[in-house]
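One structure is given below, encoded as structure tokens.
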Amino acid sequence: MIKNEHGPLTVVQFPCLDDNYAFLLRDETSGKVAAVDTPDADAIARELDRLGWNLDYILNTHWHADHVGGNEALKTRYGAEIIAPHGEGEKIAHKDRMVKEGDDVALGDLTARVVETPGHTLGHIIYVFDDQKVAFVADTVFSLGCGRMFEGTPEVFWQSLDKIRALPADTVLYCAHEYSAANAAFAVTIEPDNPSLQTRVAEIKALREEGKATVPIRLGDELEANPFLRADVPIVAANMGLHDAEAYEVFGEVRRRKDNF
């Protein structure tokens, strides 16, 4: 379990299922609590009970079962309001409210901005707490990686990543899976001479050897090392023989290579 404080926003992160992370968010002023997705209802309930917290909201990012599988049980137990992405509402049962790009979601006295990030799925959204410089990016971005492109296109997914790239560099990104070691092994095949990448690879190796989480991550660090966020950097395009390609085409090739890695 990791407990991070971002001003009045407390984030409790803990592993569940095979490689998911669950996140509980608490506004320390009002005491309101939210879960970002519900990969494992039992694990989330145990952590809530340990902390002595009630669950007021469930903030879903997309429809995949390892993100909404605990919705019904947690809503039944705690009376939580389920907030779901507008583009995937039909795929998410028991929802109470749907949100889209530009909508705000209140957590007590705190506000999260909804940003649509299609690519992994067509309706994927993320939740950005601008004042706290924290973003819950689910399966859009991972450390040294990004989500598999199940439903989107390279151009659409790159536009989504570009929204994240535009956040302040000191934004803390909470991603939903522990994929960093596998992503690191791939990333060095794209930019083997990138010193920032080499530093991050060593950090990941050390953390995993100690059984520690490699997330959350700082956006600025990822901009220097994550090949999926660097598709507009000339050396990345050159390393794949795509000197004159558009950034989204370079991104698409990086994603294709990762799928076959």
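Starting from 1 in every chain, residues are counted up; chains themselves are A, B, ... following the order of the structure tokens, and ligands are numbered from 1 as listed.
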Run DSSP on the backbone of this structure and report the residues of range 22-201 of chain A it assigns to helix (DSSP H, G or I), as JSON, numbers by chain.
-> {"A": [41, 42, 43, 44, 45, 46, 47, 48, 49, 50, 51, 65, 66, 67, 68, 71, 72, 73, 74, 75, 76, 77, 78, 86, 87, 88, 89, 90, 91, 154, 155, 156, 157, 158, 159, 160, 161, 162, 163, 164, 165, 180, 181, 182, 183, 184, 185, 186, 187, 188, 189, 190, 195, 196, 197, 198, 199, 200, 201]}
Same residues, C-alpha atoms, saved as a JSON list (two decimals), in the first residue's frame:
```json
[["chain", "number", "residue", "atom", "x", "y", "z"],
["A", 41, "ALA", "CA", -14.37, -5.28, -4.98],
["A", 42, "ASP", "CA", -13.14, -7.44, -2.09],
["A", 43, "ALA", "CA", -9.68, -5.87, -2.05],
["A", 44, "ILE", "CA", -11.15, -2.37, -2.20],
["A", 45, "ALA", "CA", -13.64, -3.12, 0.57],
["A", 46, "ARG", "CA", -10.89, -4.50, 2.80],
["A", 47, "GLU", "CA", -8.83, -1.35, 2.32],
["A", 48, "LEU", "CA", -11.81, 0.93, 2.94],
["A", 49, "ASP", "CA", -12.62, -0.93, 6.14],
["A", 50, "ARG", "CA", -9.00, -0.82, 7.27],
["A", 51, "LEU", "CA", -8.94, 2.93, 6.73],
["A", 65, "ALA", "CA", -13.89, -5.80, -16.68],
["A", 66, "ASP", "CA", -10.72, -5.20, -14.68],
["A", 67, "HIS", "CA", -11.87, -1.59, -14.26],
["A", 68, "VAL", "CA", -15.61, -1.95, -13.63],
["A", 71, "ASN", "CA", -19.00, -1.65, -9.41],
["A", 72, "GLU", "CA", -22.15, -3.50, -8.40],
["A", 73, "ALA", "CA", -20.78, -5.01, -5.18],
["A", 74, "LEU", "CA", -19.28, -1.75, -3.97],
["A", 75, "LYS", "CA", -22.35, 0.29, -4.87],
["A", 76, "THR", "CA", -24.53, -2.19, -2.98],
["A", 77, "ARG", "CA", -22.29, -2.18, 0.09],
["A", 78, "TYR", "CA", -21.48, 1.53, 0.35],
["A", 86, "HIS", "CA", -20.34, 9.08, -21.72],
["A", 87, "GLY", "CA", -18.87, 7.22, -24.69],
["A", 88, "GLU", "CA", -19.12, 3.86, -22.92],
["A", 89, "GLY", "CA", -22.19, 4.26, -20.79],
["A", 90, "GLU", "CA", -24.05, 1.42, -22.49],
["A", 91, "LYS", "CA", -21.24, -0.97, -21.59],
["A", 154, "PRO", "CA", -2.89, 5.70, -34.20],
["A", 155, "GLU", "CA", -4.05, 9.21, -35.04],
["A", 156, "VAL", "CA", -6.80, 9.18, -32.42],
["A", 157, "PHE", "CA", -4.57, 7.66, -29.75],
["A", 158, "TRP", "CA", -1.76, 10.12, -30.43],
["A", 159, "GLN", "CA", -4.20, 13.02, -30.04],
["A", 160, "SER", "CA", -5.15, 11.58, -26.65],
["A", 161, "LEU", "CA", -1.53, 11.26, -25.59],
["A", 162, "ASP", "CA", -0.93, 14.82, -26.74],
["A", 163, "LYS", "CA", -3.56, 16.02, -24.27],
["A", 164, "ILE", "CA", -1.63, 14.36, -21.47],
["A", 165, "ARG", "CA", 1.68, 15.70, -22.78],
["A", 180, "SER", "CA", 6.96, -0.94, -16.20],
["A", 181, "ALA", "CA", 9.54, -3.75, -16.36],
["A", 182, "ALA", "CA", 8.13, -5.15, -19.61],
["A", 183, "ASN", "CA", 7.79, -1.66, -21.03],
["A", 184, "ALA", "CA", 11.40, -0.89, -20.13],
["A", 185, "ALA", "CA", 12.66, -3.95, -21.99],
["A", 186, "PHE", "CA", 10.87, -2.74, -25.10],
["A", 187, "ALA", "CA", 11.62, 0.97, -24.78],
["A", 188, "VAL", "CA", 15.39, 0.45, -25.02],
["A", 189, "THR", "CA", 14.90, -1.12, -28.46],
["A", 190, "ILE", "CA", 13.45, 2.20, -29.68],
["A", 195, "PRO", "CA", 20.27, 8.62, -21.03],
["A", 196, "SER", "CA", 16.94, 9.52, -19.39],
["A", 197, "LEU", "CA", 15.55, 6.18, -20.48],
["A", 198, "GLN", "CA", 18.59, 4.35, -19.18],
["A", 199, "THR", "CA", 18.17, 6.05, -15.80],
["A", 200, "ARG", "CA", 14.50, 5.12, -15.65],
["A", 201, "VAL", "CA", 15.19, 1.51, -16.65]]
```
Sel. of strand (DSSP E or B) residues, range 32-171 of chain A, as JSON, numbers by chain = {"A": [33, 34, 35, 36, 57, 58, 59, 81, 82, 83, 84, 85, 97, 98, 99, 104, 105, 106, 107, 110, 111, 112, 113, 114, 115, 116, 125, 126, 127, 128, 129, 134, 135, 136, 137, 138, 141, 142, 145, 146]}
Keeping only N, CA and C atoms, write the selected residues to a file as a compact mmCIF listing (two decimals), in the first residue's frame.
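Written out: result_18.txt:
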```
# COMPACT_ATOMS: atom_id res chain seq x y z
N VAL A 33 -14.88 10.30 -0.27
CA VAL A 33 -13.95 9.28 -0.80
C VAL A 33 -14.44 8.77 -2.14
N ALA A 34 -13.51 8.56 -3.05
CA ALA A 34 -13.81 7.98 -4.36
C ALA A 34 -12.83 6.86 -4.66
N ALA A 35 -13.28 5.91 -5.46
CA ALA A 35 -12.40 4.90 -6.04
C ALA A 35 -12.30 5.19 -7.53
N VAL A 36 -11.09 5.19 -8.06
CA VAL A 36 -10.92 5.28 -9.51
C VAL A 36 -10.92 3.86 -10.04
N TYR A 57 -18.06 7.72 -4.14
CA TYR A 57 -18.09 7.77 -5.60
C TYR A 57 -17.19 6.68 -6.20
N ILE A 58 -17.59 6.22 -7.36
CA ILE A 58 -16.76 5.38 -8.21
C ILE A 58 -16.56 6.13 -9.52
N LEU A 59 -15.30 6.39 -9.87
CA LEU A 59 -14.97 7.12 -11.08
C LEU A 59 -14.43 6.14 -12.11
N GLU A 81 -22.00 6.46 -5.67
CA GLU A 81 -22.50 6.93 -6.96
C GLU A 81 -21.48 6.55 -8.04
N ILE A 82 -21.94 5.89 -9.09
CA ILE A 82 -21.05 5.47 -10.17
C ILE A 82 -21.08 6.48 -11.30
N ILE A 83 -19.90 7.03 -11.59
CA ILE A 83 -19.74 8.01 -12.66
C ILE A 83 -18.98 7.33 -13.79
N ALA A 84 -19.54 7.34 -14.99
CA ALA A 84 -19.00 6.58 -16.10
C ALA A 84 -18.76 7.48 -17.31
N PRO A 85 -17.84 7.08 -18.19
CA PRO A 85 -17.61 7.86 -19.41
C PRO A 85 -18.81 7.82 -20.34
N ARG A 97 -24.35 8.34 -13.43
CA ARG A 97 -24.12 9.58 -14.17
C ARG A 97 -23.04 9.35 -15.21
N MET A 98 -23.19 9.99 -16.36
CA MET A 98 -22.18 9.89 -17.41
C MET A 98 -21.54 11.25 -17.62
N VAL A 99 -20.23 11.24 -17.87
CA VAL A 99 -19.49 12.50 -18.04
C VAL A 99 -18.69 12.45 -19.34
N ASP A 104 -16.80 18.55 -15.11
CA ASP A 104 -16.08 18.49 -13.84
C ASP A 104 -16.77 17.49 -12.91
N VAL A 105 -15.98 16.84 -12.10
CA VAL A 105 -16.50 15.91 -11.10
C VAL A 105 -16.00 16.39 -9.74
N ALA A 106 -16.93 16.61 -8.82
CA ALA A 106 -16.57 17.09 -7.49
C ALA A 106 -16.29 15.92 -6.56
N LEU A 107 -15.21 16.05 -5.82
CA LEU A 107 -14.92 15.15 -4.71
C LEU A 107 -14.83 16.04 -3.47
N LEU A 110 -12.90 19.31 -3.74
CA LEU A 110 -11.93 19.19 -4.83
C LEU A 110 -12.65 18.96 -6.15
N THR A 111 -11.98 19.28 -7.23
CA THR A 111 -12.58 19.15 -8.55
C THR A 111 -11.65 18.41 -9.49
N ALA A 112 -12.21 17.41 -10.17
CA ALA A 112 -11.49 16.69 -11.22
C ALA A 112 -12.09 17.06 -12.56
N ARG A 113 -11.23 17.34 -13.51
CA ARG A 113 -11.65 17.66 -14.88
C ARG A 113 -11.63 16.39 -15.72
N VAL A 114 -12.68 16.16 -16.47
CA VAL A 114 -12.77 14.97 -17.32
C VAL A 114 -12.13 15.27 -18.68
N VAL A 115 -11.24 14.41 -19.09
CA VAL A 115 -10.57 14.53 -20.39
C VAL A 115 -10.79 13.22 -21.15
N GLU A 116 -11.30 13.33 -22.36
CA GLU A 116 -11.50 12.14 -23.20
C GLU A 116 -10.19 11.74 -23.85
N ILE A 125 -11.74 7.77 -20.64
CA ILE A 125 -11.53 9.10 -20.09
C ILE A 125 -10.50 9.03 -18.96
N ILE A 126 -9.95 10.20 -18.64
CA ILE A 126 -9.08 10.31 -17.47
C ILE A 126 -9.63 11.43 -16.59
N TYR A 127 -9.18 11.44 -15.33
CA TYR A 127 -9.61 12.44 -14.37
C TYR A 127 -8.39 13.24 -13.92
N VAL A 128 -8.44 14.56 -14.15
CA VAL A 128 -7.31 15.44 -13.86
C VAL A 128 -7.68 16.41 -12.74
N PHE A 129 -6.96 16.33 -11.63
CA PHE A 129 -7.10 17.30 -10.55
C PHE A 129 -6.06 18.39 -10.79
N VAL A 134 -2.46 16.29 -10.31
CA VAL A 134 -2.57 14.83 -10.25
C VAL A 134 -3.54 14.40 -11.35
N ALA A 135 -3.20 13.32 -12.05
CA ALA A 135 -4.08 12.78 -13.08
C ALA A 135 -4.16 11.27 -12.96
N PHE A 136 -5.37 10.75 -13.08
CA PHE A 136 -5.60 9.30 -13.05
C PHE A 136 -5.84 8.87 -14.49
N VAL A 137 -4.80 8.27 -15.09
CA VAL A 137 -4.78 8.06 -16.54
C VAL A 137 -5.14 6.63 -16.93
N ALA A 138 -5.40 5.76 -15.96
CA ALA A 138 -5.87 4.40 -16.22
C ALA A 138 -4.99 3.68 -17.24
N VAL A 141 -1.78 5.80 -20.44
CA VAL A 141 -0.32 5.89 -20.32
C VAL A 141 0.15 5.02 -19.18
N PHE A 142 1.26 4.33 -19.40
CA PHE A 142 1.98 3.62 -18.35
C PHE A 142 3.41 4.16 -18.30
N GLY A 145 5.32 3.31 -21.37
CA GLY A 145 4.40 2.61 -22.26
C GLY A 145 3.09 3.33 -22.43
N CYS A 146 2.17 2.68 -23.13
CA CYS A 146 0.80 3.16 -23.25
C CYS A 146 -0.10 1.93 -23.38
```
Range 120-123 of chain A: which residues within 6 Å, counting only C-alpha atoms, same-chain residues fewer than 4 positions away excluded, as a PyMOL selection string?
-> chain A and resi 87-88+147-152
Counting only C-alpha atoms, figure out which residue out of A:Ala93, A:Ala245, A:Leu17, A:Val172 gets nearest to Glu5 in chain A.
->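 Ranked by minimum distance to Glu5 in chain A, first place goes to A:Val172.
CA of Ala169 in chain A sits 27.5 Å away from CA of Asp244 in chain A.
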Have a look at CA of Arg255 in chain A and CA of Asn226 in chain A and let me know their distance in Å, one decimal.
->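 So the two atoms, CA of Arg255 in chain A and CA of Asn226 in chain A, lie 12.0 Å apart.
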What lies within 10 Å of range 238-240 of chain A using only C-alpha atoms, ignoring chain neighbours under 6 positions off, as a list in words?
-> Thr189, Ile190, Glu191, Pro192, Val250, Glu253 and Val254 of chain A
Please, what distance in Å, to one decimal, runs between CA of Phe14 in chain A and CA of Met1 in chain A?
->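 We find that CA of Phe14 in chain A and CA of Met1 in chain A lie 4.5 Å from each other.
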